[in-house]
Structure formats: structure tokens, C-alpha cells
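Quick notes on the structure that follows.
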Amino acid sequence: MISELARERFAAFSELVRGQGGRGRWLVLTHDNPDPDALAAAAVLARILRRAFGRRVTTAYGGLIGRAENREMVRSLGLKLSHVRNLSWKSYRHVALVDTQPRTGNNQLPEDFRADAVIDHHPPRKASQAAAFADIRPTYGATATIVAEYLLLSGLSATRRTATALVYALRSETQDFSRGPSGGPDKQIYDALLPQVDKRILARILYPRLPASYFANLGQALHNMAGVGNLIVTHMGEIEQPDIVPEIADLLLRLEGKTWSLATGLHGDRVYLSLRTSNPRADAGRLMRRLVGRRGKGGGHGMMAGGWLPRPKAAGADPAAVQRQLAEKLAKALKRSPEKIEPLLRPASAEAPPPEPPASGAG
């Protein structure tokens, strides 16, 4: 099940960690607003560093853990995470980036810090070449798969909670293997760990209680749906957490006849956007970088991508105009007419006659 490439990469990672001796604490850092893949991969890498190498480790993230499933994952699995605002960077001698890369604009690694290790499944960035160790595998469906291979190669056993975290991460990141390769290392790791999953915890993560704000955002997203051809878009106003944007983009793609979806929302000083496609030959990451241009940051791969733009600060500036421009730019890139983007849900006519009462004597 473990490839020769995985063995070589883990051997190089082991050499890096052991070569630095036991001095200095490690920081394992995820991307901002971490998803299940980042959460699971970071937790497991931290466990490997502690148990297999005897290192002191802190796991941290920036942004918010906002999506109900992700909060339940952290709570039910007892994941220990610190927010970057509570860190003293001088306390860490070594940094490992997980499910993200340097200078992508989606993590809080300071510009003057060099990552010792970068472990990711997104297309490689030039800045990652400066890391002492980089294991970047775009052909993998999830970073959790890479770290799970490390776990097996380290000789550590997967606990029920570790297995649950990794299995849920793989389900979420690949949408039950409907996105990306249906087999390969991701499915092999999933099948190996599935018997060890705590099914009660997994059920709590899959079906968490949802806050009222979720339904408010959902209602706004549905009300604002518009489209042209095979493209569907929606724009939300103020959102409590950025995680709702990719969740809505995933949902929109389920509409019949649509193969591309774009969702946007406003949070803090940013306009967040998520792009999805059902076309396995597409490059959503490249298209996302075209959408945000030099003003923002974005990336992804194959069938999914995300990014952000600075919120306009000029007096009287309309963030909704930026959101509309993004939809129009995407329509042009997909060779659709921006001026033909139309609402998909039309309100019922106020003049429609009321339904006729049932005939007399009807049961």
C-alpha cells in the first residue's frame, strides 16, 4: 500500500527532524479557516513529531474554524489547536506548513520566517523551494493521505480518533471520492483506516447542529442565484465565517445542468470566493488565479479552488459591484455572455389567482 515515493519522502523528513536534534519547539501551521483535510493532517503530523521523534509541538491556525462540521470535528476528537494571535513566534525554532505553502496568502506565516517543512497536495509554488523539506503531491486528493502514510511508516498505530479524523478528512476533501481520482493512495488509506473509525463520533461530525446564521446565509445564497449556460453564481453579503462560501459553492454545483459554480461572500476586510466544477479535466486553480489577479490571492486544483480580494475601502465603494464583476469575469473566461447572467429563482407573481377551493363534498 505504501509506495516507494512515500518511503523516500518520509525518510527525508525523518532525516530533517533528527538532524536538528531535540532543540527547539515545532509549530505545525495550517491554512487560514482550516478545513477537515488541514485539521486532520496537522493533528497527525503533530502526533508523529511528538511520539516518533520526541519533539515539542504546537498546532496552530489563522482565521476561523467556522463551519459546524469542522467545529464538531475539533470538539469530538479533542484536537488541540492554538490561534496564531496567541502565539509568540520567537518561541518556535521550526515550522511545518500543512495543506498550504509559503506566500500563498492563505496562511499566517510571517514573511521573515522560512518553513522547515511544507506538506501539501496543491500545485507547487515557487516559494516552497526555499523550505528545507517539501513533500508536495498534486496527484493526491488530500494532504491527509500524505501524513497518514507518514504515520504508518513511523511505526505508530492509528488510534480510533486518529483514524476517524483521517477518514472524515478524506471523505470531505474528495466528496466521497467523486472529486479527483477514485482510487490510488487516497482510497487505499481510507480502506485501511475505515475499520478503526469511531462511528458514533463520525456521525456527530457529519450531522452537527446548525446555527441560525447558517440558514440565513443559505437563504440569501438561494435568493441571489443567477446563471448563464452551465454556470451558476451567487453572492452573499456579510457572513459570520468564510467557510460558508465553499459550502455554498458545493451545493450550487448540484443543480441540474450546471457544471461550474461560483459563490462569494463578505467577511472582515475581504471578499471571499469559491469556485467548483464537475469537469475532471478542468483547472479551477488556474482559473481562480485569473479571477483574483494581482489584487488578491487564490489557488486550488482540478475541480475546486478558493481565493480572496481586498474589500474596497474607498468612500462609497460597493463591495457587491466587485462580486458582480467576478461573476462577469468568470462568465467571459468560460465563453459565456456576462450580460445574459439572469436570476434563476423568480418570485411568484403577486397577481396570480388563488387556488380554487375543493369541489363541494370532496373528501
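Residue numbers start at 1 in each chain; chains themselves are named A, B, ... in the order of the C-alpha cells; ligands are numbered from 1 in the order shown.
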Checklist entry - Using only C-alpha atoms, which residues sit within 12 Å of Gly302 of chain A once same-chain residues fewer than 2 positions away are excluded, as a PyMOL selection string? => result chain A and resi 121-123+138-141+174+179-181+275-288+299-300+304-306
Checklist entry - If you count only C-alpha atoms, which residues fall within 8 Å of Leu291 of chain A, apart from same-chain ones fewer than 2 positions away, as a ChimeraX atom specification? => result /A:287-289,293,326,329-330
Next on the checklist: For Ile232 of chain A, find every residue with an atom within 9 Å (counting only C-alpha atoms), except residues of its own chain fewer than 6 positions away, and show them as JSON, numbers by chain.
Outcome noted: {"A": [225, 226, 252, 253, 255, 258, 259, 260, 261, 262, 263, 341, 344]}
The selected residues should be written to file as a JSON list (two decimals), in the first residue's frame (atoms: C-alpha atoms).
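Here's the written file part_33.json:
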[["chain", "number", "residue", "atom", "x", "y", "z"],
["A", 225, "MET", "CA", -28.74, 32.55, -7.52],
["A", 226, "ALA", "CA", -28.14, 33.54, -11.13],
["A", 252, "LEU", "CA", -24.85, 25.06, -6.16],
["A", 253, "LEU", "CA", -22.97, 22.59, -8.32],
["A", 255, "LEU", "CA", -28.21, 22.00, -9.72],
["A", 258, "LYS", "CA", -24.67, 23.26, -14.17],
["A", 259, "THR", "CA", -21.02, 22.24, -14.37],
["A", 260, "TRP", "CA", -19.44, 25.40, -12.89],
["A", 261, "SER", "CA", -20.38, 27.26, -9.70],
["A", 262, "LEU", "CA", -19.09, 30.42, -8.05],
["A", 263, "ALA", "CA", -20.03, 31.67, -4.57],
["A", 341, "ILE", "CA", -26.48, 36.19, -16.42],
["A", 344, "LEU", "CA", -32.62, 31.51, -11.54]]
Item to check | Contact residues around Ala192 of chain A with only C-alpha atoms at 12 Å, ignoring same-chain residues under 6 positions, as number ranges by chain | outcome: A: 1-2, 145, 148-149, 152, 157-158, 163-164, 166-167, 185-186
Saved selection, atoms kept: C-alpha atoms, as a CSV table (one decimal), in the first residue's frame:
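The resulting file, again26.csv, is shown below:
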chain,number,residue,atom,x,y,z
A,1,MET,CA,0.0,0.0,0.0
A,2,ILE,CA,2.9,2.4,0.8
A,145,THR,CA,-3.2,10.9,2.8
A,148,ALA,CA,-1.3,9.1,7.0
A,149,GLU,CA,1.4,7.4,5.1
A,152,LEU,CA,2.2,4.1,9.1
A,157,SER,CA,-0.6,2.9,15.4
A,158,ALA,CA,-3.6,4.8,14.3
A,163,ALA,CA,-8.5,7.1,12.1
A,164,THR,CA,-11.8,9.0,12.4
A,166,LEU,CA,-8.3,11.0,8.6
A,167,VAL,CA,-11.3,9.1,7.2
A,185,PRO,CA,-3.3,6.2,-2.4
A,186,ASP,CA,-6.3,8.2,-1.0
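Using only C-alpha atoms, the shortest contact distance between Gly63 of chain A and any of A:Lys297, A:His235, A:Arg254, A:Arg270 is found at A:Arg270.
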Sorted per-residue table, segment 198-287 of chain A near segment 70-82 of chain A, closest atoms and distance, 12 Å, only C-alpha atoms, as CSV:
residue,atom,partner,partner_atom,distance
A:Asp198,CA,A:Leu77,CA,9.9
A:Lys199,CA,A:Ser76,CA,11.7
A:Arg200,CA,A:Ser76,CA,9.9
A:Ile201,CA,A:Ser76,CA,6.4
A:Leu202,CA,A:Met73,CA,8.3
A:Ala203,CA,A:Glu72,CA,10.3
A:Arg204,CA,A:Glu72,CA,7.1
A:Ile205,CA,A:Glu72,CA,5.4
A:Leu206,CA,A:Glu72,CA,8.7
A:Tyr207,CA,A:Glu72,CA,9.1
A:Pro208,CA,A:Glu72,CA,6.6
A:Arg209,CA,A:Glu72,CA,8.9
A:Leu210,CA,A:Glu72,CA,10.5
A:Pro211,CA,A:Arg71,CA,11.8
A:Gln241,CA,A:Arg71,CA,12.0
A:Asp243,CA,A:Asn70,CA,9.4
A:Ile244,CA,A:Asn70,CA,11.4
A:Glu247,CA,A:Asn70,CA,11.8
Dump N, CA and C atoms for the selected residues as a PDB file, in the first residue's frame?
ATOM      1  N   ASP A 198     -14.350   5.505  14.788  1.00  0.00           N
ATOM      2  CA  ASP A 198     -15.399   5.579  15.806  1.00  0.00           C
ATOM      3  C   ASP A 198     -16.653   6.103  15.110  1.00  0.00           C
ATOM      4  N   LYS A 199     -17.582   5.212  14.824  1.00  0.00           N
ATOM      5  CA  LYS A 199     -18.741   5.574  14.000  1.00  0.00           C
ATOM      6  C   LYS A 199     -19.665   6.558  14.699  1.00  0.00           C
ATOM      7  N   ARG A 200     -19.747   6.521  16.008  1.00  0.00           N
ATOM      8  CA  ARG A 200     -20.606   7.474  16.719  1.00  0.00           C
ATOM      9  C   ARG A 200     -20.050   8.891  16.597  1.00  0.00           C
ATOM     10  N   ILE A 201     -18.732   9.021  16.738  1.00  0.00           N
ATOM     11  CA  ILE A 201     -18.121  10.342  16.584  1.00  0.00           C
ATOM     12  C   ILE A 201     -18.252  10.818  15.145  1.00  0.00           C
ATOM     13  N   LEU A 202     -18.026   9.913  14.191  1.00  0.00           N
ATOM     14  CA  LEU A 202     -18.129  10.292  12.786  1.00  0.00           C
ATOM     15  C   LEU A 202     -19.537  10.796  12.468  1.00  0.00           C
ATOM     16  N   ALA A 203     -20.550  10.143  13.019  1.00  0.00           N
ATOM     17  CA  ALA A 203     -21.933  10.581  12.780  1.00  0.00           C
ATOM     18  C   ALA A 203     -22.175  11.973  13.361  1.00  0.00           C
ATOM     19  N   ARG A 204     -21.599  12.268  14.533  1.00  0.00           N
ATOM     20  CA  ARG A 204     -21.773  13.593  15.120  1.00  0.00           C
ATOM     21  C   ARG A 204     -21.133  14.668  14.244  1.00  0.00           C
ATOM     22  N   ILE A 205     -20.003  14.329  13.638  1.00  0.00           N
ATOM     23  CA  ILE A 205     -19.319  15.296  12.774  1.00  0.00           C
ATOM     24  C   ILE A 205     -20.112  15.513  11.484  1.00  0.00           C
ATOM     25  N   LEU A 206     -20.626  14.435  10.919  1.00  0.00           N
ATOM     26  CA  LEU A 206     -21.345  14.529   9.655  1.00  0.00           C
ATOM     27  C   LEU A 206     -22.666  15.282   9.778  1.00  0.00           C
ATOM     28  N   TYR A 207     -23.300  15.185  10.951  1.00  0.00           N
ATOM     29  CA  TYR A 207     -24.627  15.783  11.118  1.00  0.00           C
ATOM     30  C   TYR A 207     -24.671  16.645  12.371  1.00  0.00           C
ATOM     31  N   PRO A 208     -23.922  17.753  12.383  1.00  0.00           N
ATOM     32  CA  PRO A 208     -23.892  18.606  13.574  1.00  0.00           C
ATOM     33  C   PRO A 208     -25.127  19.506  13.652  1.00  0.00           C
ATOM     34  N   ARG A 209     -25.361  20.052  14.813  1.00  0.00           N
ATOM     35  CA  ARG A 209     -26.391  21.070  14.963  1.00  0.00           C
ATOM     36  C   ARG A 209     -25.922  22.337  14.246  1.00  0.00           C
ATOM     37  N   LEU A 210     -26.858  23.035  13.596  1.00  0.00           N
ATOM     38  CA  LEU A 210     -26.505  24.196  12.787  1.00  0.00           C
ATOM     39  C   LEU A 210     -27.046  25.472  13.397  1.00  0.00           C
ATOM     40  N   PRO A 211     -26.252  26.550  13.393  1.00  0.00           N
ATOM     41  CA  PRO A 211     -26.720  27.825  13.942  1.00  0.00           C
ATOM     42  C   PRO A 211     -27.713  28.492  13.003  1.00  0.00           C
ATOM     43  N   GLN A 241     -18.634  33.687   8.926  1.00  0.00           N
ATOM     44  CA  GLN A 241     -17.390  32.942   8.773  1.00  0.00           C
ATOM     45  C   GLN A 241     -17.209  32.542   7.312  1.00  0.00           C
ATOM     46  N   ASP A 243     -16.071  29.959   5.849  1.00  0.00           N
ATOM     47  CA  ASP A 243     -16.291  28.573   5.460  1.00  0.00           C
ATOM     48  C   ASP A 243     -17.609  28.353   4.737  1.00  0.00           C
ATOM     49  N   ILE A 244     -18.573  29.245   4.933  1.00  0.00           N
ATOM     50  CA  ILE A 244     -19.869  29.067   4.278  1.00  0.00           C
ATOM     51  C   ILE A 244     -19.755  29.233   2.770  1.00  0.00           C
ATOM     52  N   GLU A 247     -18.913  25.941   1.039  1.00  0.00           N
ATOM     53  CA  GLU A 247     -20.052  25.049   1.261  1.00  0.00           C
ATOM     54  C   GLU A 247     -21.181  25.375   0.288  1.00  0.00           C
TER      55      GLU A 247
END
Next on the checklist: Quick check for you: according to DSSP on this backbone, which residues of segment 188-260 of chain A are classed as strand (DSSP E)? Reply as number ranges by chain.
Outcome noted: A: 226-228, 231-238, 260
Put those residues in a file: C-alpha atoms, as a tab-separated table (two decimals), in the first residue's frame.
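Wrote again-v6.tsv, looks like this:
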chain	number	residue	atom	x	y	z
A	226	ALA	CA	-28.14	33.54	-11.13
A	227	GLY	CA	-26.67	31.82	-14.12
A	228	VAL	CA	-25.93	31.58	-17.79
A	231	LEU	CA	-22.57	28.42	-14.95
A	232	ILE	CA	-24.34	29.20	-11.69
A	233	VAL	CA	-23.27	32.03	-9.35
A	234	THR	CA	-24.47	33.53	-6.12
A	235	HIS	CA	-23.36	36.41	-3.92
A	236	MET	CA	-23.83	36.73	-0.19
A	237	GLY	CA	-23.46	39.90	1.81
A	238	GLU	CA	-21.92	39.86	5.27
A	260	TRP	CA	-19.44	25.40	-12.89
Checklist entry - When DSSP works through the backbone of this structure, what residues of segment 277-316 of chain A end up as alpha helix (DSSP H), shown as a PyMOL selection string? => result chain A and resi 284-292
Next on the checklist: Give me the residues near segment 312-316 of chain A as a list in words, where near means some atom within 10 Å (using only C-alpha atoms) and where sequence neighbours in that chain fewer than 4 positions away do not count.
Outcome noted: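 The residues satisfying every condition are Asp269, Arg270, Val271, Ala320, Ala321 and Val322 of chain A.
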Item to check | Selected residue, from A:Ala115, A:Ala142, A:Ala165, A:Leu170, that lies nearest to Asp191 of chain A when counting only C-alpha atoms | outcome: A:Leu170
Next on the checklist: Could you tell me how far atom CA of Leu345 of chain A sits from atom CA of Asn224 of chain A, in Å to one decimal place?
Outcome noted: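 These atoms are spaced 8.0 Å apart.
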Next on the checklist: My list of candidates is A:Gly307, A:Gly229, A:Pro195, A:Gly155. Which is closest to Phe10 of chain A when distances are computed with only C-alpha atoms?
Outcome noted: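 The shortest atom-to-atom distance to Phe10 of chain A comes from A:Gly155.
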Next on the checklist: Between atom CA of Ser172 of chain A and atom CA of Asn217 of chain A, what distance in Å does the model show, to one decimal?
Outcome noted: 20.9 Å
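Those residues that approach Ala6 of chain A to within 9 Å, counting only C-alpha atoms, are Ile2, Ser3, Glu4, Glu8, Arg9, Phe10, Ala11, Ile146, Glu149, Tyr150 and Leu153 of chain A; same-chain residues fewer than 2 positions away are not listed.
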Checklist entry - In Å, with one decimal, what is the gap from atom CA of Ala41 of chain A to atom CA of Asp99 of chain A? => result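 Distance between the two atoms: 7.6 Å.
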Checklist entry - What's the 6 Å shell around segment 132-136 of chain A, counting only C-alpha atoms, without same-chain residues fewer than 6 positions away, as a list of chain:residue names? => result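 Near segment 132-136 of chain A, the qualifying residues are A:Asp116, A:Ala117, A:Val118, A:Ile119, A:Asp120, A:His121.
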Could you dump the residues just selected with N, CA and C atoms as a PDB file, in the first residue's frame?
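Resulting contents of part_28.pdb:
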ATOM      1  N   ASP A 116      10.473  25.105   7.596  1.00  0.00           N
ATOM      2  CA  ASP A 116      11.398  23.961   7.526  1.00  0.00           C
ATOM      3  C   ASP A 116      10.811  22.863   6.656  1.00  0.00           C
ATOM      4  N   ALA A 117       9.491  22.652   6.762  1.00  0.00           N
ATOM      5  CA  ALA A 117       8.826  21.582   6.016  1.00  0.00           C
ATOM      6  C   ALA A 117       7.521  22.112   5.430  1.00  0.00           C
ATOM      7  N   VAL A 118       7.229  21.684   4.211  1.00  0.00           N
ATOM      8  CA  VAL A 118       5.976  22.023   3.538  1.00  0.00           C
ATOM      9  C   VAL A 118       5.371  20.722   3.037  1.00  0.00           C
ATOM     10  N   ILE A 119       4.171  20.415   3.495  1.00  0.00           N
ATOM     11  CA  ILE A 119       3.482  19.181   3.103  1.00  0.00           C
ATOM     12  C   ILE A 119       2.110  19.575   2.558  1.00  0.00           C
ATOM     13  N   ASP A 120       1.874  19.269   1.272  1.00  0.00           N
ATOM     14  CA  ASP A 120       0.667  19.782   0.632  1.00  0.00           C
ATOM     15  C   ASP A 120       0.314  18.920  -0.574  1.00  0.00           C
ATOM     16  N   HIS A 121      -0.940  19.057  -1.044  1.00  0.00           N
ATOM     17  CA  HIS A 121      -1.356  18.330  -2.251  1.00  0.00           C
ATOM     18  C   HIS A 121      -1.804  19.281  -3.355  1.00  0.00           C
TER      19      HIS A 121
END
At a cut-off of 8 Å, can you tabulate as JSON lines every residue of segment 101-126 of chain A near segment 19-37 of chain A together with its closest atom pair and the distance in Å to one decimal, using only C-alpha atoms and ordering rows by chain then number?
{"residue": "A:Asn106", "atom": "CA", "partner": "A:Asp32", "partner_atom": "CA", "distance": 5.5}
{"residue": "A:Asn107", "atom": "CA", "partner": "A:His31", "partner_atom": "CA", "distance": 4.5}
{"residue": "A:Gln108", "atom": "CA", "partner": "A:Asp32", "partner_atom": "CA", "distance": 7.2}
{"residue": "A:Leu109", "atom": "CA", "partner": "A:Leu29", "partner_atom": "CA", "distance": 7.9}
